[in-house]
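So this block is coords-v1.txt, compact mmCIF, C-alpha atoms and all ligand atoms:
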```txt
# COMPACT_ATOMS: atom_id res chain seq x y z
CA MET L 1 0.00 0.00 0.00
CA THR L 2 1.42 3.42 -0.91
CA ALA L 3 1.71 5.92 1.94
CA ARG L 4 -0.82 8.74 1.92
CA PRO L 5 0.57 12.19 1.21
CA ARG L 6 1.35 14.20 4.28
CA VAL L 7 0.17 17.75 5.04
CA TRP L 8 1.50 19.99 7.78
CA VAL L 9 -0.68 22.88 9.02
CA SER L 10 1.60 25.31 10.82
CA ARG L 11 -0.95 27.08 13.00
CA PRO L 12 -4.22 26.20 14.69
CA THR L 13 -7.15 27.13 12.48
CA PHE L 14 -10.74 25.93 12.05
CA PRO L 15 -10.68 22.14 12.68
CA ASP L 16 -13.91 21.47 10.77
CA ILE L 17 -12.34 22.96 7.62
CA VAL L 18 -8.96 21.28 8.04
CA ALA L 19 -10.83 17.97 8.52
CA ARG L 20 -11.74 18.07 4.81
CA LEU L 21 -8.15 16.94 4.19
CA ASP L 22 -8.52 13.80 6.32
CA PRO L 23 -9.99 11.44 3.70
CA HIS L 24 -6.96 11.95 1.45
CA PHE L 25 -3.98 12.95 3.57
CA ASP L 26 -2.16 12.30 6.80
CA VAL L 27 -2.54 15.65 8.48
CA VAL L 28 -0.33 17.08 11.18
CA ALA L 29 -1.89 20.29 12.50
CA GLU L 30 -0.06 22.33 15.10
CA PRO L 31 -2.19 22.68 18.24
CA ARG L 32 -0.49 25.94 19.33
CA GLU L 33 0.89 29.11 17.76
CA VAL L 34 4.65 28.63 17.62
CA MET L 35 7.37 30.84 16.20
CA PHE L 36 9.47 28.12 14.55
CA SER L 37 13.20 28.63 14.13
CA PRO L 38 14.48 28.05 10.57
CA ALA L 39 15.83 24.64 11.67
CA GLU L 40 12.50 23.66 13.27
CA LEU L 41 10.62 24.80 10.19
CA ALA L 42 12.89 22.79 7.91
CA ALA L 43 12.34 19.71 10.10
CA LYS L 44 8.56 20.21 10.08
CA ILE L 45 8.29 20.34 6.30
CA ALA L 46 11.05 17.81 5.46
CA ASP L 47 8.75 14.84 4.84
CA CYS L 48 5.65 16.75 3.71
CA ASP L 49 3.89 16.68 0.37
CA ALA L 50 1.92 19.84 1.15
CA VAL L 51 2.04 22.55 3.80
CA ILE L 52 -0.44 25.19 4.91
CA VAL L 53 1.51 27.99 6.50
CA GLY L 54 1.06 31.44 8.00
CA LEU L 55 2.99 34.62 7.37
CA LYS L 56 5.57 33.89 10.07
CA GLU L 57 6.79 30.81 8.19
CA ARG L 58 9.41 31.98 5.71
CA ILE L 59 9.93 29.42 2.96
CA GLY L 60 12.63 29.77 0.34
CA ALA L 61 15.34 27.83 -1.47
CA ALA L 62 16.98 26.44 1.68
CA GLU L 63 13.70 25.07 3.05
CA VAL L 64 12.47 23.49 -0.20
CA ALA L 65 15.89 21.93 -0.79
CA LYS L 66 15.32 19.94 2.40
CA ALA L 67 11.74 18.94 1.48
CA PRO L 68 12.09 16.72 -1.58
CA ARG L 69 8.45 15.58 -1.58
CA LEU L 70 6.94 19.04 -1.23
CA ARG L 71 4.46 19.92 -3.99
CA ILE L 72 2.51 22.88 -2.63
CA VAL L 73 2.83 25.66 -0.08
CA ALA L 74 -0.63 27.08 0.64
CA ASN L 75 -0.28 30.44 2.36
CA LEU L 76 -2.89 31.51 4.90
CA GLY L 77 -2.82 35.09 3.67
CA VAL L 78 -3.25 37.12 0.52
CA GLY L 79 0.21 38.66 0.92
CA TYR L 80 3.02 36.19 0.34
CA ASP L 81 6.20 38.11 1.07
CA ASN L 82 7.09 35.21 3.42
CA LEU L 83 7.55 32.96 0.38
CA ASP L 84 10.39 33.09 -2.11
CA LEU L 85 8.16 32.47 -5.11
CA ALA L 86 11.05 32.26 -7.58
CA ALA L 87 12.77 29.60 -5.46
CA LEU L 88 9.55 27.60 -5.09
CA THR L 89 8.89 27.81 -8.82
CA ALA L 90 12.45 26.76 -9.65
CA ALA L 91 11.99 23.73 -7.38
CA GLY L 92 8.67 22.88 -9.03
CA VAL L 93 6.69 23.62 -5.86
CA ALA L 94 3.29 25.29 -6.30
CA ALA L 95 2.34 28.21 -4.07
CA SER L 96 -1.11 29.63 -3.37
CA ASN L 97 -2.57 32.54 -1.41
CA THR L 98 -6.05 33.52 -0.24
CA ALA L 99 -6.86 36.26 -2.74
CA GLY L 100 -10.53 37.18 -2.63
CA ALA L 101 -11.33 35.66 0.76
CA LEU L 102 -10.68 38.71 2.90
CA ASP L 103 -11.16 41.83 0.76
CA GLU L 104 -14.45 42.98 2.28
CA SER L 105 -13.43 42.30 5.88
CA VAL L 106 -10.15 44.15 5.42
CA ALA L 107 -11.94 47.05 3.71
CA ASP L 108 -14.41 47.32 6.62
CA PHE L 109 -11.54 47.29 9.08
CA THR L 110 -9.68 49.93 7.08
CA TRP L 111 -12.64 52.27 7.47
CA ALA L 112 -12.83 51.51 11.19
CA MET L 113 -9.17 52.51 11.44
CA LEU L 114 -9.52 55.62 9.26
CA LEU L 115 -12.51 56.93 11.15
CA GLY L 116 -11.05 55.89 14.48
CA ALA L 117 -7.82 57.76 13.84
CA ALA L 118 -9.60 60.81 12.39
CA ARG L 119 -11.96 61.04 15.37
CA ARG L 120 -9.23 60.21 17.92
CA MET L 121 -11.03 57.17 19.29
CA GLY L 122 -8.00 55.44 20.79
CA GLU L 123 -6.88 58.57 22.56
CA ALA L 124 -10.40 59.34 23.80
CA GLU L 125 -10.92 55.82 25.09
CA ARG L 126 -7.62 55.85 26.98
CA TRP L 127 -8.61 59.16 28.54
CA LEU L 128 -12.03 57.90 29.60
CA ARG L 129 -10.65 54.64 31.02
CA ALA L 130 -8.07 56.65 32.98
CA GLY L 131 -10.96 58.37 34.77
CA GLU L 132 -10.10 61.75 33.28
CA TRP L 133 -13.67 62.59 32.24
CA HIS L 134 -14.60 65.33 34.68
CA GLY L 135 -16.25 67.42 32.01
CA THR L 136 -15.20 68.35 28.54
CA ARG L 137 -15.23 71.68 26.85
CA PHE L 138 -17.39 72.14 23.78
CA THR L 139 -14.25 72.70 21.79
CA ASP L 140 -12.36 69.63 23.07
CA TRP L 141 -11.76 66.41 21.19
CA LEU L 142 -12.21 67.86 17.74
CA GLY L 143 -11.44 65.35 15.03
CA MET L 144 -11.60 65.39 11.29
CA ASP L 145 -14.72 64.76 9.20
CA VAL L 146 -14.36 62.62 6.12
CA ARG L 147 -17.20 64.05 4.06
CA GLY L 148 -15.97 66.08 1.10
CA ARG L 149 -12.37 65.06 1.71
CA THR L 150 -10.02 63.24 -0.62
CA LEU L 151 -9.21 59.59 -0.04
CA GLY L 152 -5.95 58.43 -1.61
CA ILE L 153 -5.18 54.76 -2.11
CA LEU L 154 -1.70 53.45 -2.85
CA GLY L 155 -2.10 49.96 -4.33
CA MET L 156 -5.39 49.42 -6.11
CA GLY L 157 -5.88 45.67 -6.06
CA ARG L 158 -9.01 44.02 -4.75
CA ILE L 159 -8.64 45.45 -1.24
CA GLY L 160 -7.90 48.97 -2.47
CA GLN L 161 -10.96 48.77 -4.69
CA ALA L 162 -13.17 47.53 -1.84
CA VAL L 163 -11.97 50.47 0.28
CA ALA L 164 -12.72 52.87 -2.60
CA ARG L 165 -16.26 51.56 -3.11
CA ARG L 166 -17.11 52.36 0.50
CA ALA L 167 -15.88 55.97 0.07
CA VAL L 168 -18.91 56.80 -2.06
CA GLY L 169 -21.11 56.45 1.02
CA PHE L 170 -18.87 58.85 2.90
CA GLY L 171 -19.10 61.46 0.15
CA MET L 172 -15.38 61.49 -0.61
CA GLN L 173 -13.35 61.95 -3.77
CA VAL L 174 -11.08 59.01 -4.49
CA ILE L 175 -7.66 59.15 -6.13
CA TYR L 176 -5.29 56.22 -6.43
CA HIS L 177 -1.85 55.26 -7.56
CA ASN L 178 -0.97 51.81 -8.83
CA ARG L 179 1.70 50.51 -11.19
CA SER L 180 -0.99 49.82 -13.76
CA ARG L 181 -4.19 51.78 -14.16
CA LEU L 182 -7.52 50.08 -13.62
CA SER L 183 -9.76 49.56 -16.63
CA GLN L 184 -12.13 52.44 -17.31
CA ALA L 185 -15.01 50.28 -16.17
CA LEU L 186 -13.37 49.58 -12.80
CA GLU L 187 -12.29 53.20 -12.38
CA SER L 188 -15.86 54.36 -12.81
CA GLU L 189 -17.24 51.59 -10.60
CA CYS L 190 -14.83 52.66 -7.84
CA ARG L 191 -15.25 56.35 -8.78
CA ALA L 192 -11.49 56.59 -8.57
CA ARG L 193 -9.02 58.68 -10.56
CA TRP L 194 -5.42 57.58 -11.24
CA VAL L 195 -2.74 60.09 -10.20
CA ASP L 196 1.03 59.87 -9.93
CA LYS L 197 2.52 59.09 -6.53
CA GLY L 198 3.55 62.70 -5.88
CA GLU L 199 0.03 63.99 -6.43
CA LEU L 200 -1.36 61.18 -4.30
CA LEU L 201 0.88 62.20 -1.40
CA ARG L 202 0.19 65.92 -1.77
CA SER L 203 -3.58 65.72 -2.32
CA SER L 204 -4.78 62.97 0.02
CA ASP L 205 -6.56 63.92 3.22
CA PHE L 206 -6.68 60.22 4.04
CA LEU L 207 -4.06 57.92 2.55
CA VAL L 208 -4.58 54.16 2.65
CA LEU L 209 -1.75 51.77 1.85
CA ALA L 210 -3.06 48.59 0.21
CA LEU L 211 -0.06 47.36 -1.76
CA PRO L 212 1.99 44.18 -1.33
CA LEU L 213 5.43 44.26 0.29
CA THR L 214 8.08 43.66 -2.36
CA PRO L 215 11.70 44.83 -2.58
CA GLU L 216 10.38 47.82 -4.58
CA SER L 217 7.64 48.79 -2.12
CA ARG L 218 9.86 48.56 0.98
CA HIS L 219 9.77 51.99 2.67
CA ALA L 220 7.51 53.31 -0.10
CA ILE L 221 6.46 55.75 2.62
CA GLY L 222 9.56 57.17 4.28
CA ALA L 223 10.67 60.59 5.48
CA ALA L 224 10.65 62.12 1.98
CA GLU L 225 7.12 60.91 1.24
CA LEU L 226 5.76 61.90 4.66
CA ALA L 227 7.17 65.38 4.13
CA GLN L 228 4.96 65.78 1.06
CA MET L 229 1.74 64.95 2.91
CA LYS L 230 -0.67 67.54 4.29
CA PRO L 231 -0.23 68.37 7.98
CA THR L 232 -3.91 67.50 8.38
CA ALA L 233 -3.61 64.09 6.68
CA VAL L 234 -4.33 60.68 8.17
CA LEU L 235 -2.24 57.69 7.00
CA ALA L 236 -3.49 54.09 7.29
CA ASN L 237 -1.27 51.04 6.78
CA ILE L 238 -3.39 47.91 6.58
CA ALA L 239 -1.04 46.21 4.09
CA ARG L 240 2.33 45.09 5.46
CA GLY L 241 4.91 46.24 7.91
CA GLY L 242 7.96 47.51 6.07
CA ILE L 243 6.01 49.48 3.45
CA VAL L 244 6.20 52.38 5.90
CA ASP L 245 9.46 53.39 7.54
CA ASP L 246 8.03 53.25 11.07
CA ALA L 247 10.88 55.29 12.59
CA ALA L 248 10.32 58.07 10.04
CA LEU L 249 6.58 57.90 10.70
CA ALA L 250 7.11 58.24 14.45
CA ASP L 251 9.24 61.36 13.76
CA ALA L 252 6.58 62.84 11.47
CA LEU L 253 3.74 62.16 13.92
CA ALA L 254 5.72 63.61 16.84
CA LYS L 255 6.35 66.79 14.81
CA HIS L 256 2.69 66.89 13.64
CA GLN L 257 3.92 66.78 10.07
CA LEU L 258 0.76 64.75 9.55
CA ALA L 259 -2.27 64.65 11.83
CA ALA L 260 -2.58 60.96 12.62
CA ALA L 261 -1.88 57.41 11.56
CA ALA L 262 -3.73 54.13 11.84
CA LEU L 263 -1.52 51.05 11.79
CA ASP L 264 -2.52 47.41 11.69
CA VAL L 265 0.91 46.20 10.56
CA PHE L 266 4.45 47.01 11.68
CA GLU L 267 8.05 46.60 10.68
CA GLY L 268 9.35 43.64 12.67
CA GLU L 269 5.95 42.78 14.19
CA PRO L 270 4.98 41.55 16.72
CA VAL L 271 7.57 44.03 18.00
CA VAL L 272 6.30 47.60 17.58
CA ASN L 273 8.57 50.62 17.41
CA PRO L 274 8.37 51.87 21.04
CA ARG L 275 8.07 55.48 19.91
CA LEU L 276 4.80 54.67 18.16
CA LEU L 277 3.45 53.22 21.41
CA GLU L 278 4.02 56.54 23.14
CA LEU L 279 2.28 58.78 20.62
CA ASP L 280 -1.35 59.75 21.06
CA ASN L 281 -2.00 60.52 17.40
CA VAL L 282 -1.65 56.93 16.22
CA LEU L 283 -4.28 54.21 16.40
CA LEU L 284 -2.74 50.74 16.68
CA SER L 285 -4.08 47.23 16.15
CA PRO L 286 -2.29 43.86 16.14
CA HIS L 287 -2.57 42.79 12.47
CA ILE L 288 -6.25 41.90 12.70
CA ALA L 289 -7.75 43.47 9.57
CA SER L 290 -8.83 40.05 8.28
CA ALA L 291 -9.99 38.80 11.66
CA SER L 292 -13.67 38.14 11.00
CA PRO L 293 -15.17 34.64 10.95
CA ASP L 294 -16.12 35.04 7.28
CA ALA L 295 -12.62 36.06 6.23
CA ARG L 296 -10.60 33.71 8.40
CA ARG L 297 -12.85 30.72 7.61
CA GLY L 298 -12.79 31.68 3.94
CA MET L 299 -8.98 31.88 4.00
CA THR L 300 -8.73 28.44 5.62
CA THR L 301 -11.18 27.00 3.08
CA MET L 302 -9.15 28.45 0.25
CA ALA L 303 -5.86 27.03 1.54
CA VAL L 304 -7.46 23.59 2.00
CA ASP L 305 -9.08 23.78 -1.45
CA ASN L 306 -5.73 24.58 -3.05
CA VAL L 307 -4.08 21.57 -1.42
CA LEU L 308 -6.99 19.26 -2.26
CA ALA L 309 -7.10 20.49 -5.86
CA LEU L 310 -3.39 20.02 -6.48
CA PHE L 311 -3.77 16.36 -5.53
CA GLY L 312 -6.87 15.97 -7.70
CA HIS L 313 -9.54 16.22 -5.02
CA GLY L 314 -12.27 18.59 -3.84
CA PRO L 315 -14.41 21.15 -5.65
CA HIS L 316 -11.53 22.43 -7.80
CA ALA L 317 -9.88 19.05 -8.49
CA GLY L 318 -6.84 19.56 -10.71
CA HIS L 319 -7.22 23.37 -10.73
CA PRO L 320 -6.03 25.00 -7.50
CA PRO L 321 -8.11 28.19 -7.37
CA THR L 322 -5.55 30.77 -6.26
CA ILE L 323 -2.25 29.47 -7.51
CA LEU L 324 0.59 32.02 -7.66
CA ASN L 325 2.93 30.14 -9.99
CA PRO L 326 0.69 28.33 -12.50
CA GLU L 327 3.75 27.52 -14.62
CA VAL L 328 4.56 24.81 -12.07
CA LEU L 329 1.23 23.11 -12.79
CA ALA L 330 1.75 23.33 -16.53
CA ALA L 331 5.14 21.62 -16.14
CA ALA L 332 3.89 18.85 -13.83
CA SER L 333 2.04 15.81 -15.12
CA PRO L 334 -1.41 15.37 -13.57
CA THR L 335 -1.41 13.06 -10.57
CA THR L 336 -4.22 11.77 -8.45
CA HIS L 337 -3.26 10.35 -5.11
CA PRO L 338 -5.56 7.89 -3.39
C1 LIG S 1 -2.99 37.54 7.74
C2 LIG S 1 -2.66 39.17 5.97
O1 LIG S 1 -3.00 36.47 6.88
O2 LIG S 1 -3.75 38.07 4.20
C3 LIG S 1 -2.77 38.72 4.56
O3 LIG S 1 -1.84 39.02 3.78
O4 LIG S 1 -1.82 39.91 6.30
C4 LIG S 1 -3.60 38.69 7.00
O5 LIG S 1 -4.85 38.36 6.53
C5 LIG S 1 -3.66 37.19 8.95
O6 LIG S 1 -3.45 38.22 9.82
C6 LIG S 1 -3.15 35.92 9.56
O7 LIG S 1 -1.85 36.10 10.05
```
Using the file provided, produce a representation of the structure as structure tokens.
Ligand code: 8YV
Amino acid sequence: MTARPRVWVSRPTFPDIVARLDPHFDVVAEPREVMFSPAELAAKIADCDAVIVGLKERIGAAEVAKAPRLRIVANLGVGYDNLDLAALTAAGVAASNTAGALDESVADFTWAMLLGAARRMGEAERWLRAGEWHGTRFTDWLGMDVRGRTLGILGMGRIGQAVARRAVGFGMQVIYHNRSRLSQALESECRARWVDKGELLRSSDFLVLALPLTPESRHAIGAAELAQMKPTAVLANIARGGIVDDAALADALAKHQLAAAALDVFEGEPVVNPRLLELDNVLLSPHIASASPDARRGMTTMAVDNVLALFGHGPHAGHPPTILNPEVLAAASPTTHP
């Protein structure tokens, strides 16, 4: 009897969804969140045919070289800067993400962050909880309205577009910058106008970052970019730590070079630049923009579907739905494991 293929799931997720693998695979699912060292990670994946991993698992040439049976890395996230896609492709290993499963949840959360930062909700809540509310002046706690203001979006993929669509209800103008322009149909659906990056920085009252982290987008917002923003502007990073130079942002916020920031992601997270923790004009959350049951269950379903499909099972048998390197599939001969 041939051994069943083996799947490793690196972090605890929804057991009822992961159980869909059981009829076809031997599944090892981690019961706890663990930060694996590179050596531990290599040992975990060494005898696996498939792995479902989170963003803290960095998989590149060294790891795949030690996992000769590995055929797919299914990422539990839309961003995949934790994977060296070129190395996986060169080794013939498929990679998938969770594109489409979290757009609406992340867009909702982005608006929570934008409005929260504009209306100083974190600061106000800290003040109330500290028992400071002995009366407020009529002119205290003024925040910024969004109506009539300009929303700028850097990175206009699915999430950027979902954020833009919501801006209509808030009566805002939307401008965006992206490497490639949207089709006219999408631009009019999102009521968004393409501008160059300089104009985006100078004209946005609210600037949302919704682009992937790549070597090119690292520190896309640094001291020089922050200096171009309006002193009344609010910056939201719901994309990836490292797109913003957090030290430069802390400087700019301390000097009131911009009014406020809302950050769900950080350079070097879970460690947060201590200067950001001390500032009142920044609203902070621990990388939870996709943390709704719909999104997180949808992401798990998508990762499981990709693994099932690559081995010829499930609703997408033979056609993993969100594959990042389809050339690997074209090169491989179709296989169906028992
Ligand atoms: C994380 C994300 O996957 O999808 C992404 O790229 O950053 C998030 O949805 C999630 O926080 C789990 O770590």
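The environment of Arg69 of chain L within 7 Å, counting all atoms listed in the file and disregarding residues fewer than 4 places along the same chain, consists of Asp47, Cys48 and Asp49 of chain L.
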Could you build a table of the residues in chain L lying no more than 6 Å from ligand LIG 1 (chain S), giving for each the nearest pair of atoms and their separation in Å rounded to one decimal place, using all atoms listed in the file, ordered by chain and ascending residue number, as a Markdown table?
```
| residue | atom | partner | partner_atom | distance |
| --- | --- | --- | --- | --- |
| L:Gly54 | CA | S:LIG1 | O7 | 5.9 |
| L:Leu55 | CA | S:LIG1 | O7 | 5.7 |
| L:Leu76 | CA | S:LIG1 | O1 | 5.3 |
| L:Gly77 | CA | S:LIG1 | O2 | 3.2 |
| L:Val78 | CA | S:LIG1 | O2 | 3.8 |
| L:Gly79 | CA | S:LIG1 | O3 | 3.5 |
| L:His287 | CA | S:LIG1 | O6 | 5.4 |
| L:Ile288 | CA | S:LIG1 | O6 | 5.4 |
| L:Ser290 | CA | S:LIG1 | O5 | 4.7 |
```
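Residues lying within 9 Å of Ala43 of chain L, counting only C-alpha atoms and ignoring same-chain neighbours fewer than 3 positions away, are Pro38, Ala39, Glu40, Ala46, Asp47, Glu63, Lys66 and Ala67 of chain L.
Taking atom CA of Asn97 of chain L and atom CA of Pro321 of chain L as endpoints, the distance between them is 9.2 Å.
Closest approach to Ala295 of chain L among L:Leu283, L:Leu102, L:Ala65, L:Val146: L:Leu102, based on only C-alpha atoms.
You will find atom CA of Leu83 of chain L at 21.6 Å from atom CA of Val18 of chain L.
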**Residue nearest Val307 of chain L - candidates L:Lys44, L:Arg71, L:Arg240, L:Lys56, atoms counted: all atoms listed in the file** = L:Arg71
Reconstruct N, CA and C atoms of segment 176-194 of chain L; output as an mmCIF file, in the frame of the given file.
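Output contents, as saved in result_9.cif:
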```cif
data_model
loop_
_atom_site.group_PDB
_atom_site.id
_atom_site.type_symbol
_atom_site.label_atom_id
_atom_site.label_comp_id
_atom_site.auth_asym_id
_atom_site.auth_seq_id
_atom_site.Cartn_x
_atom_site.Cartn_y
_atom_site.Cartn_z
ATOM 1 N N TYR L 176 -6.108 57.392 -6.734
ATOM 2 C CA TYR L 176 -5.290 56.220 -6.430
ATOM 3 C C TYR L 176 -4.029 56.241 -7.262
ATOM 4 N N HIS L 177 -3.033 55.510 -6.756
ATOM 5 C CA HIS L 177 -1.850 55.260 -7.560
ATOM 6 C C HIS L 177 -1.560 53.769 -7.516
ATOM 7 N N ASN L 178 -1.259 53.230 -8.664
ATOM 8 C CA ASN L 178 -0.970 51.810 -8.830
ATOM 9 C C ASN L 178 -0.038 51.717 -10.016
ATOM 10 N N ARG L 179 0.809 50.662 -10.035
ATOM 11 C CA ARG L 179 1.700 50.510 -11.190
ATOM 12 C C ARG L 179 0.914 50.545 -12.485
ATOM 13 N N SER L 180 -0.184 49.777 -12.538
ATOM 14 C CA SER L 180 -0.990 49.820 -13.760
ATOM 15 C C SER L 180 -2.359 50.401 -13.419
ATOM 16 N N ARG L 181 -2.872 51.164 -14.371
ATOM 17 C CA ARG L 181 -4.190 51.780 -14.160
ATOM 18 C C ARG L 181 -5.271 50.725 -14.226
ATOM 19 N N LEU L 182 -6.360 50.958 -13.512
ATOM 20 C CA LEU L 182 -7.520 50.080 -13.620
ATOM 21 C C LEU L 182 -8.163 50.299 -14.985
ATOM 22 N N SER L 183 -8.983 49.348 -15.407
ATOM 23 C CA SER L 183 -9.760 49.560 -16.630
ATOM 24 C C SER L 183 -10.708 50.731 -16.382
ATOM 25 N N GLN L 184 -11.184 51.324 -17.468
ATOM 26 C CA GLN L 184 -12.130 52.440 -17.310
ATOM 27 C C GLN L 184 -13.360 52.014 -16.542
ATOM 28 N N ALA L 185 -13.796 50.779 -16.831
ATOM 29 C CA ALA L 185 -15.010 50.280 -16.170
ATOM 30 C C ALA L 185 -14.792 50.204 -14.660
ATOM 31 N N LEU L 186 -13.630 49.687 -14.246
ATOM 32 C CA LEU L 186 -13.370 49.580 -12.800
ATOM 33 C C LEU L 186 -13.166 50.959 -12.173
ATOM 34 N N GLU L 187 -12.482 51.839 -12.922
ATOM 35 C CA GLU L 187 -12.290 53.200 -12.380
ATOM 36 C C GLU L 187 -13.649 53.846 -12.115
ATOM 37 N N SER L 188 -14.587 53.681 -13.052
ATOM 38 C CA SER L 188 -15.860 54.360 -12.810
ATOM 39 C C SER L 188 -16.679 53.622 -11.743
ATOM 40 N N GLU L 189 -16.539 52.310 -11.670
ATOM 41 C CA GLU L 189 -17.240 51.590 -10.600
ATOM 42 C C GLU L 189 -16.728 52.034 -9.218
ATOM 43 N N CYS L 190 -15.413 52.240 -9.124
ATOM 44 C CA CYS L 190 -14.830 52.660 -7.840
ATOM 45 C C CYS L 190 -14.846 54.196 -7.706
ATOM 46 N N ARG L 191 -15.282 54.870 -8.727
ATOM 47 C CA ARG L 191 -15.250 56.350 -8.780
ATOM 48 C C ARG L 191 -13.876 56.868 -8.355
ATOM 49 N N ALA L 192 -12.861 56.278 -8.961
ATOM 50 C CA ALA L 192 -11.490 56.590 -8.570
ATOM 51 C C ALA L 192 -10.701 57.108 -9.768
ATOM 52 N N ARG L 193 -9.828 58.066 -9.496
ATOM 53 C CA ARG L 193 -9.020 58.680 -10.560
ATOM 54 C C ARG L 193 -7.553 58.362 -10.313
ATOM 55 N N TRP L 194 -6.847 57.895 -11.363
ATOM 56 C CA TRP L 194 -5.420 57.580 -11.240
ATOM 57 C C TRP L 194 -4.622 58.874 -11.168
#
```
